[in-house]
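Here is data.txt, consisting of compact mmCIF, C-alpha atoms:
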```txt
# COMPACT_ATOMS: atom_id res chain seq x y z
CA MET A 596 -56.46 64.21 197.40
CA ASP A 597 -59.56 62.23 198.42
CA ASP A 598 -61.19 60.99 195.20
CA TYR A 599 -64.42 60.09 197.03
CA TYR A 600 -64.81 63.54 198.60
CA PHE A 601 -64.40 65.33 195.28
CA MET A 602 -66.61 62.87 193.41
CA LYS A 603 -69.35 63.59 195.96
CA LYS A 604 -68.99 67.25 194.99
CA ALA A 605 -69.32 66.32 191.31
CA LEU A 606 -72.42 64.27 192.21
CA GLU A 607 -73.90 67.39 193.84
CA GLN A 608 -73.51 69.16 190.49
CA ALA A 609 -75.14 66.20 188.71
CA LYS A 610 -78.08 66.28 191.13
CA LYS A 611 -78.57 69.98 190.35
CA ALA A 612 -78.62 69.16 186.64
CA LEU A 613 -81.13 66.34 187.18
CA SER A 614 -83.34 68.62 189.27
CA ALA A 615 -83.40 71.05 186.34
CA GLY A 616 -84.38 68.24 183.95
CA GLU A 617 -80.89 68.07 182.44
CA PHE A 618 -78.73 65.02 181.80
CA PRO A 619 -77.17 64.32 185.24
CA VAL A 620 -73.50 64.95 184.62
CA GLY A 621 -71.52 66.99 187.12
CA CYS A 622 -67.86 67.91 187.20
CA VAL A 623 -65.33 69.55 189.50
CA ILE A 624 -61.69 70.39 188.89
CA ALA A 625 -59.51 70.30 191.99
CA HIS A 626 -55.95 71.19 192.90
CA GLN A 627 -54.20 70.76 196.24
CA ASN A 628 -57.37 69.57 198.00
CA LYS A 629 -59.36 72.58 196.82
CA ILE A 630 -62.13 72.81 194.24
CA LEU A 631 -61.17 75.38 191.63
CA VAL A 632 -64.29 75.20 189.43
CA ASN A 633 -67.37 73.11 188.84
CA GLY A 634 -69.85 72.52 186.06
CA SER A 635 -72.95 70.60 185.14
CA ARG A 636 -74.55 69.54 181.88
CA ASN A 637 -76.67 72.13 180.08
CA GLY A 638 -78.76 72.06 176.96
CA THR A 639 -80.40 68.63 177.07
CA THR A 640 -83.95 69.85 177.61
CA GLY A 641 -86.23 71.03 174.84
CA ASP A 642 -86.46 69.99 171.22
CA SER A 643 -82.81 70.20 170.19
CA ALA A 644 -79.84 69.29 172.33
CA ASN A 645 -76.80 71.53 172.70
CA GLU A 646 -73.93 69.10 172.33
CA THR A 647 -71.14 71.41 173.50
CA ASP A 648 -72.21 72.40 177.00
CA HIS A 649 -71.04 69.21 178.66
CA ALA A 650 -70.16 69.47 182.35
CA GLU A 651 -66.46 69.11 181.61
CA MET A 652 -66.54 71.84 178.94
CA VAL A 653 -68.36 74.19 181.31
CA ALA A 654 -65.77 73.54 184.02
CA LEU A 655 -62.84 73.94 181.60
CA ARG A 656 -64.21 77.31 180.39
CA ARG A 657 -64.55 78.44 183.99
CA LEU A 658 -60.98 77.32 184.68
CA THR A 659 -59.75 79.36 181.73
CA ASP A 660 -61.78 82.38 182.85
CA MET A 661 -60.28 82.30 186.34
CA GLY A 662 -56.74 82.38 184.91
CA GLU A 663 -55.31 79.81 187.34
CA ASN A 664 -51.54 79.84 186.86
CA ALA A 665 -50.55 76.57 188.57
CA ASP A 666 -49.21 73.51 186.76
CA ARG A 667 -52.37 71.97 185.30
CA ASN A 668 -50.71 68.57 185.27
CA GLU A 669 -51.34 68.63 189.03
CA PHE A 670 -55.10 69.22 188.52
CA THR A 671 -57.68 66.46 188.75
CA LEU A 672 -60.99 66.50 186.91
CA PHE A 673 -63.79 64.58 188.63
CA CYS A 674 -66.84 63.71 186.55
CA THR A 675 -69.93 61.63 187.18
CA MET A 676 -69.73 60.12 183.69
CA GLU A 677 -66.75 59.09 181.61
CA PRO A 678 -65.79 62.00 179.35
CA CYS A 679 -66.83 61.75 175.70
CA LEU A 680 -64.30 62.15 172.89
CA MET A 681 -64.85 65.92 172.67
CA CYS A 682 -64.35 66.41 176.40
CA PHE A 683 -61.45 63.97 176.59
CA ALA A 684 -59.62 65.86 173.84
CA ALA A 685 -60.29 69.20 175.56
CA ILE A 686 -59.02 67.80 178.87
CA LEU A 687 -55.87 66.55 177.17
CA LEU A 688 -55.29 69.90 175.46
CA SER A 689 -55.85 71.78 178.72
CA GLY A 690 -53.00 69.85 180.34
CA ILE A 691 -54.97 68.33 183.22
CA GLY A 692 -53.05 65.40 184.69
CA LYS A 693 -55.77 63.14 186.05
CA ILE A 694 -59.37 62.20 185.30
CA VAL A 695 -61.55 60.44 187.87
CA TYR A 696 -65.00 59.35 186.73
CA ALA A 697 -67.91 57.47 188.24
CA TYR A 698 -69.98 55.85 185.49
CA GLU A 699 -68.76 54.44 182.17
CA ASP A 700 -70.17 55.85 178.95
CA VAL A 701 -70.67 52.69 176.89
CA MET A 702 -71.96 54.70 173.96
CA GLY A 703 -69.51 57.57 173.70
CA GLY A 704 -66.76 57.36 176.31
CA GLY A 705 -63.40 58.60 175.15
CA THR A 706 -60.96 57.53 177.82
CA GLN A 707 -60.21 54.17 176.19
CA CYS A 708 -58.68 55.88 173.15
CA ASP A 709 -55.25 54.61 172.23
CA LEU A 710 -53.35 57.89 172.44
CA THR A 711 -50.30 56.34 170.76
CA ARG A 712 -52.29 56.16 167.51
CA LEU A 713 -53.17 59.86 167.55
CA PRO A 714 -51.18 62.86 166.30
CA PRO A 715 -48.38 64.20 168.56
CA LEU A 716 -50.55 66.93 170.10
CA TYR A 717 -52.49 64.17 171.87
CA LYS A 718 -50.21 61.16 171.99
CA ASN A 719 -47.47 63.01 173.87
CA ARG A 720 -49.82 63.75 176.79
CA GLN A 721 -49.51 61.71 179.96
CA ILE A 722 -52.79 61.44 181.85
CA SER A 723 -53.93 59.21 184.69
CA ILE A 724 -57.47 57.82 184.50
CA VAL A 725 -59.34 56.36 187.48
CA PRO A 726 -62.78 54.85 186.74
CA ASP A 727 -65.67 53.66 188.93
CA ILE A 728 -65.38 56.05 191.88
CA LEU A 729 -68.90 56.20 193.41
CA ARG A 730 -70.23 54.46 190.31
CA GLU A 731 -73.42 53.22 192.00
CA GLU A 732 -74.38 56.72 193.17
CA SER A 733 -73.91 58.09 189.67
CA LEU A 734 -75.73 55.13 188.10
CA GLU A 735 -78.80 55.88 190.24
CA LEU A 736 -78.95 59.42 188.82
CA PHE A 737 -78.77 58.13 185.24
CA LYS A 738 -81.42 55.51 185.96
CA ALA A 739 -83.70 58.23 187.32
CA PHE A 740 -83.09 60.35 184.23
CA PHE A 741 -83.74 57.58 181.70
CA ALA A 742 -86.75 56.24 183.63
CA ASN A 743 -88.47 59.65 183.47
CA PRO A 744 -90.78 59.64 180.42
CA ASP A 745 -90.45 63.45 180.15
CA ASN A 746 -86.74 63.21 179.33
CA ASN A 747 -86.08 62.65 175.63
CA TYR A 748 -82.31 63.13 175.59
CA TRP A 749 -80.71 59.85 174.42
CA LYS A 750 -84.05 58.10 175.03
CA GLY A 751 -83.90 54.55 173.65
CA SER A 752 -80.15 54.82 172.99
CA LEU A 753 -77.54 52.18 173.76
CA LEU A 754 -76.61 54.21 176.85
CA ALA A 755 -80.22 54.35 178.06
CA GLN A 756 -80.73 50.62 177.48
CA TYR A 757 -77.45 49.72 179.18
CA THR A 758 -78.16 52.01 182.14
CA LEU A 759 -81.69 50.77 182.72
CA SER A 760 -80.51 47.13 182.53
CA GLN A 761 -77.96 47.61 185.33
CA PRO A 762 -78.90 45.86 188.62
```
Please express the file's structure as structure tokens.
Amino acid sequence: MDDYYFMKKALEQAKKALSAGEFPVGCVIAHQNKILVNGSRNGTTGDSANETDHAEMVALRRLTDMGENADRNEFTLFCTMEPCLMCFAAILLSGIGKIVYAYEDVMGGGTQCDLTRLPPLYKNRQISIVPDILREESLELFKAFFANPDNNYWKGSLLAQYTLSQP
């Protein structure tokens, strides 16, 4: 499977989110060189953020709805930002075997968790994690989001400061 090809597809989802004023996170889940589902971040516009409609959660719900019967350990989830703890746990529980992400989440990324210190439901999962695929392309989307004065989601946060300080 070509990680760059599928990450470009996740970036397309992120660009759609950004165009709608949403936080620019996009996700695709692929199996045997085929995209099964996609998702993008929802619920970051307006006065109160919806903290459950992350791109990964949207894609995982769509995967469940389609009833794909293949071995999920062979699936790869591609995301433009490192999954947060909520998404990482959901990915682990769904049985997906590999995560590929573009941009690190210095404020809330979950992939650095030491699974051996967690209860058996999580620590017995084997998952491959590949960071930094098309990082610069994803970074540019986050810079555009945080530089827009109309976007209030995570404005002034550690993530915003870190992102805007990147060369």
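The spacing separating CA of Tyr717 (chain A) from CA of Val695 (chain A) amounts to 18.8 Å.
Of the residues under consideration (A:Ser752, A:Glu732, A:Ala739, A:Ala605), A:Ala739 shows the shortest atom-to-atom contact distance to Phe618 (chain A) when counting all atoms listed in the file.
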**Request:** Compile the contact shell of Leu687 (chain A) as a count of residues only: residues with an atom at most 8 Å away, counting all atoms listed in the file, same-chain residues fewer than 3 positions apart removed.
**Result:** 7
**Message:** Just the number, please: distance in Å from CA of Thr675 (chain A) to CA of Gly621 (chain A), one decimal.
**Reply:** 5.6 Å
**Request:** Record the distance separating CA of Ala650 (chain A) and CA of Met702 (chain A), expressed in Å with one decimal.
**Result:**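 So the two atoms, CA of Ala650 (chain A) and CA of Met702 (chain A), lie 17.1 Å apart.
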**Request:** Kindly indicate which residue among A:Arg712, A:Lys718, A:Arg730, A:Arg667 lies nearest to His626 (chain A), using only C-alpha atoms for the distances.
**Result:** A:Arg667
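Counting all atoms listed in the file and comparing A:Asn747, A:Thr647, A:Ala685, A:Tyr757, the residue that lies closest to Asp700 (chain A) is A:Tyr757.
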Please put the answer as AutoDock Vina command-line options: centre and edge lengths, in Å with one decimal, of a box along x, y and z that encloses all listed atoms of region 641-654 of chain A plus 4 Å on each side.
```
--center_x -76.1 --center_y 71.6 --center_z 177.1 --size_x 28.7 --size_y 13.1 --size_z 21.8
```
**Request:** Go through A:Ala625, A:Ala665, A:Val701, A:Leu606 one by one, measure the shortest atom-to-atom distance of each to Leu729 (chain A) using only C-alpha atoms, and give the residue with the smallest value.
**Result:** A:Leu606
**Asked** Between A:Gln761, A:Asn633, A:Thr640, A:Asn645, which has the minimum distance to Arg657 (chain A) (counting all atoms listed in the file)?
**Response**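 Closest candidate: A:Asn633.
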Written coordinates, N, CA, C and O atoms of region 635-656 of chain A as a PDB file, in the first residue's frame:
```pdb
ATOM      1  N   SER A 635     -13.971  13.569   7.829  1.00  0.00           N
ATOM      2  CA  SER A 635     -13.301  14.826   8.131  1.00  0.00           C
ATOM      3  C   SER A 635     -13.899  15.390   9.413  1.00  0.00           C
ATOM      4  O   SER A 635     -14.982  14.993   9.841  1.00  0.00           O
ATOM      5  N   ARG A 636     -13.173  16.297  10.008  1.00  0.00           N
ATOM      6  CA  ARG A 636     -13.563  16.865  11.303  1.00  0.00           C
ATOM      7  C   ARG A 636     -14.826  17.696  11.157  1.00  0.00           C
ATOM      8  O   ARG A 636     -14.972  18.469  10.214  1.00  0.00           O
ATOM      9  N   ASN A 637     -15.739  17.522  12.080  1.00  0.00           N
ATOM     10  CA  ASN A 637     -16.979  18.299  12.150  1.00  0.00           C
ATOM     11  C   ASN A 637     -17.112  18.908  13.530  1.00  0.00           C
ATOM     12  O   ASN A 637     -16.559  18.396  14.493  1.00  0.00           O
ATOM     13  N   GLY A 638     -17.874  19.979  13.610  1.00  0.00           N
ATOM     14  CA  GLY A 638     -18.256  20.522  14.901  1.00  0.00           C
ATOM     15  C   GLY A 638     -17.275  21.464  15.558  1.00  0.00           C
ATOM     16  O   GLY A 638     -17.317  21.648  16.771  1.00  0.00           O
ATOM     17  N   THR A 639     -16.396  22.097  14.776  1.00  0.00           N
ATOM     18  CA  THR A 639     -15.447  23.041  15.373  1.00  0.00           C
ATOM     19  C   THR A 639     -15.819  24.484  15.086  1.00  0.00           C
ATOM     20  O   THR A 639     -15.131  25.391  15.547  1.00  0.00           O
ATOM     21  N   THR A 640     -16.891  24.701  14.350  1.00  0.00           N
ATOM     22  CA  THR A 640     -17.340  26.068  14.097  1.00  0.00           C
ATOM     23  C   THR A 640     -18.435  26.420  15.096  1.00  0.00           C
ATOM     24  O   THR A 640     -19.025  25.549  15.724  1.00  0.00           O
ATOM     25  N   GLY A 641     -18.686  27.679  15.257  1.00  0.00           N
ATOM     26  CA  GLY A 641     -19.733  28.105  16.189  1.00  0.00           C
ATOM     27  C   GLY A 641     -19.197  28.343  17.585  1.00  0.00           C
ATOM     28  O   GLY A 641     -17.992  28.366  17.822  1.00  0.00           O
ATOM     29  N   ASP A 642     -20.137  28.475  18.521  1.00  0.00           N
ATOM     30  CA  ASP A 642     -19.762  28.859  19.885  1.00  0.00           C
ATOM     31  C   ASP A 642     -19.292  27.711  20.757  1.00  0.00           C
ATOM     32  O   ASP A 642     -18.551  27.908  21.699  1.00  0.00           O
ATOM     33  N   SER A 643     -19.759  26.494  20.482  1.00  0.00           N
ATOM     34  CA  SER A 643     -19.310  25.366  21.317  1.00  0.00           C
ATOM     35  C   SER A 643     -18.898  24.206  20.426  1.00  0.00           C
ATOM     36  O   SER A 643     -19.644  23.785  19.540  1.00  0.00           O
ATOM     37  N   ALA A 644     -17.717  23.703  20.689  1.00  0.00           N
ATOM     38  CA  ALA A 644     -17.152  22.630  19.859  1.00  0.00           C
ATOM     39  C   ALA A 644     -17.764  21.280  20.218  1.00  0.00           C
ATOM     40  O   ALA A 644     -18.017  20.984  21.379  1.00  0.00           O
ATOM     41  N   ASN A 645     -17.973  20.471  19.211  1.00  0.00           N
ATOM     42  CA  ASN A 645     -18.381  19.074  19.382  1.00  0.00           C
ATOM     43  C   ASN A 645     -17.087  18.281  19.419  1.00  0.00           C
ATOM     44  O   ASN A 645     -16.386  18.185  18.430  1.00  0.00           O
ATOM     45  N   GLU A 646     -16.764  17.705  20.541  1.00  0.00           N
ATOM     46  CA  GLU A 646     -15.481  17.020  20.687  1.00  0.00           C
ATOM     47  C   GLU A 646     -15.539  15.521  20.408  1.00  0.00           C
ATOM     48  O   GLU A 646     -14.636  14.792  20.790  1.00  0.00           O
ATOM     49  N   THR A 647     -16.584  15.051  19.748  1.00  0.00           N
ATOM     50  CA  THR A 647     -16.629  13.630  19.398  1.00  0.00           C
ATOM     51  C   THR A 647     -16.620  13.371  17.899  1.00  0.00           C
ATOM     52  O   THR A 647     -16.345  12.249  17.490  1.00  0.00           O
ATOM     53  N   ASP A 648     -16.899  14.366  17.092  1.00  0.00           N
ATOM     54  CA  ASP A 648     -16.915  14.152  15.649  1.00  0.00           C
ATOM     55  C   ASP A 648     -15.554  14.419  15.014  1.00  0.00           C
ATOM     56  O   ASP A 648     -15.413  15.201  14.076  1.00  0.00           O
ATOM     57  N   HIS A 649     -14.550  13.741  15.545  1.00  0.00           N
ATOM     58  CA  HIS A 649     -13.216  13.805  14.952  1.00  0.00           C
ATOM     59  C   HIS A 649     -13.221  13.006  13.656  1.00  0.00           C
ATOM     60  O   HIS A 649     -14.039  12.091  13.486  1.00  0.00           O
ATOM     61  N   ALA A 650     -12.324  13.317  12.755  1.00  0.00           N
ATOM     62  CA  ALA A 650     -12.276  12.653  11.449  1.00  0.00           C
ATOM     63  C   ALA A 650     -12.173  11.137  11.593  1.00  0.00           C
ATOM     64  O   ALA A 650     -12.838  10.384  10.874  1.00  0.00           O
ATOM     65  N   GLU A 651     -11.364  10.696  12.552  1.00  0.00           N
ATOM     66  CA  GLU A 651     -11.191   9.252  12.748  1.00  0.00           C
ATOM     67  C   GLU A 651     -12.488   8.604  13.232  1.00  0.00           C
ATOM     68  O   GLU A 651     -12.840   7.501  12.798  1.00  0.00           O
ATOM     69  N   MET A 652     -13.200   9.286  14.133  1.00  0.00           N
ATOM     70  CA  MET A 652     -14.453   8.740  14.666  1.00  0.00           C
ATOM     71  C   MET A 652     -15.513   8.663  13.571  1.00  0.00           C
ATOM     72  O   MET A 652     -16.268   7.688  13.489  1.00  0.00           O
ATOM     73  N   VAL A 653     -15.556   9.687  12.722  1.00  0.00           N
ATOM     74  CA  VAL A 653     -16.490   9.683  11.594  1.00  0.00           C
ATOM     75  C   VAL A 653     -16.188   8.494  10.680  1.00  0.00           C
ATOM     76  O   VAL A 653     -17.086   7.746  10.284  1.00  0.00           O
ATOM     77  N   ALA A 654     -14.912   8.310  10.355  1.00  0.00           N
ATOM     78  CA  ALA A 654     -14.517   7.200   9.481  1.00  0.00           C
ATOM     79  C   ALA A 654     -14.807   5.845  10.127  1.00  0.00           C
ATOM     80  O   ALA A 654     -15.300   4.921   9.460  1.00  0.00           O
ATOM     81  N   LEU A 655     -14.524   5.718  11.422  1.00  0.00           N
ATOM     82  CA  LEU A 655     -14.785   4.441  12.112  1.00  0.00           C
ATOM     83  C   LEU A 655     -16.282   4.120  12.143  1.00  0.00           C
ATOM     84  O   LEU A 655     -16.672   2.964  11.976  1.00  0.00           O
ATOM     85  N   ARG A 656     -17.125   5.140  12.347  1.00  0.00           N
ATOM     86  CA  ARG A 656     -18.583   4.900  12.308  1.00  0.00           C
ATOM     87  C   ARG A 656     -19.010   4.443  10.915  1.00  0.00           C
ATOM     88  O   ARG A 656     -19.837   3.538  10.778  1.00  0.00           O
TER      89      ARG A 656
END
```
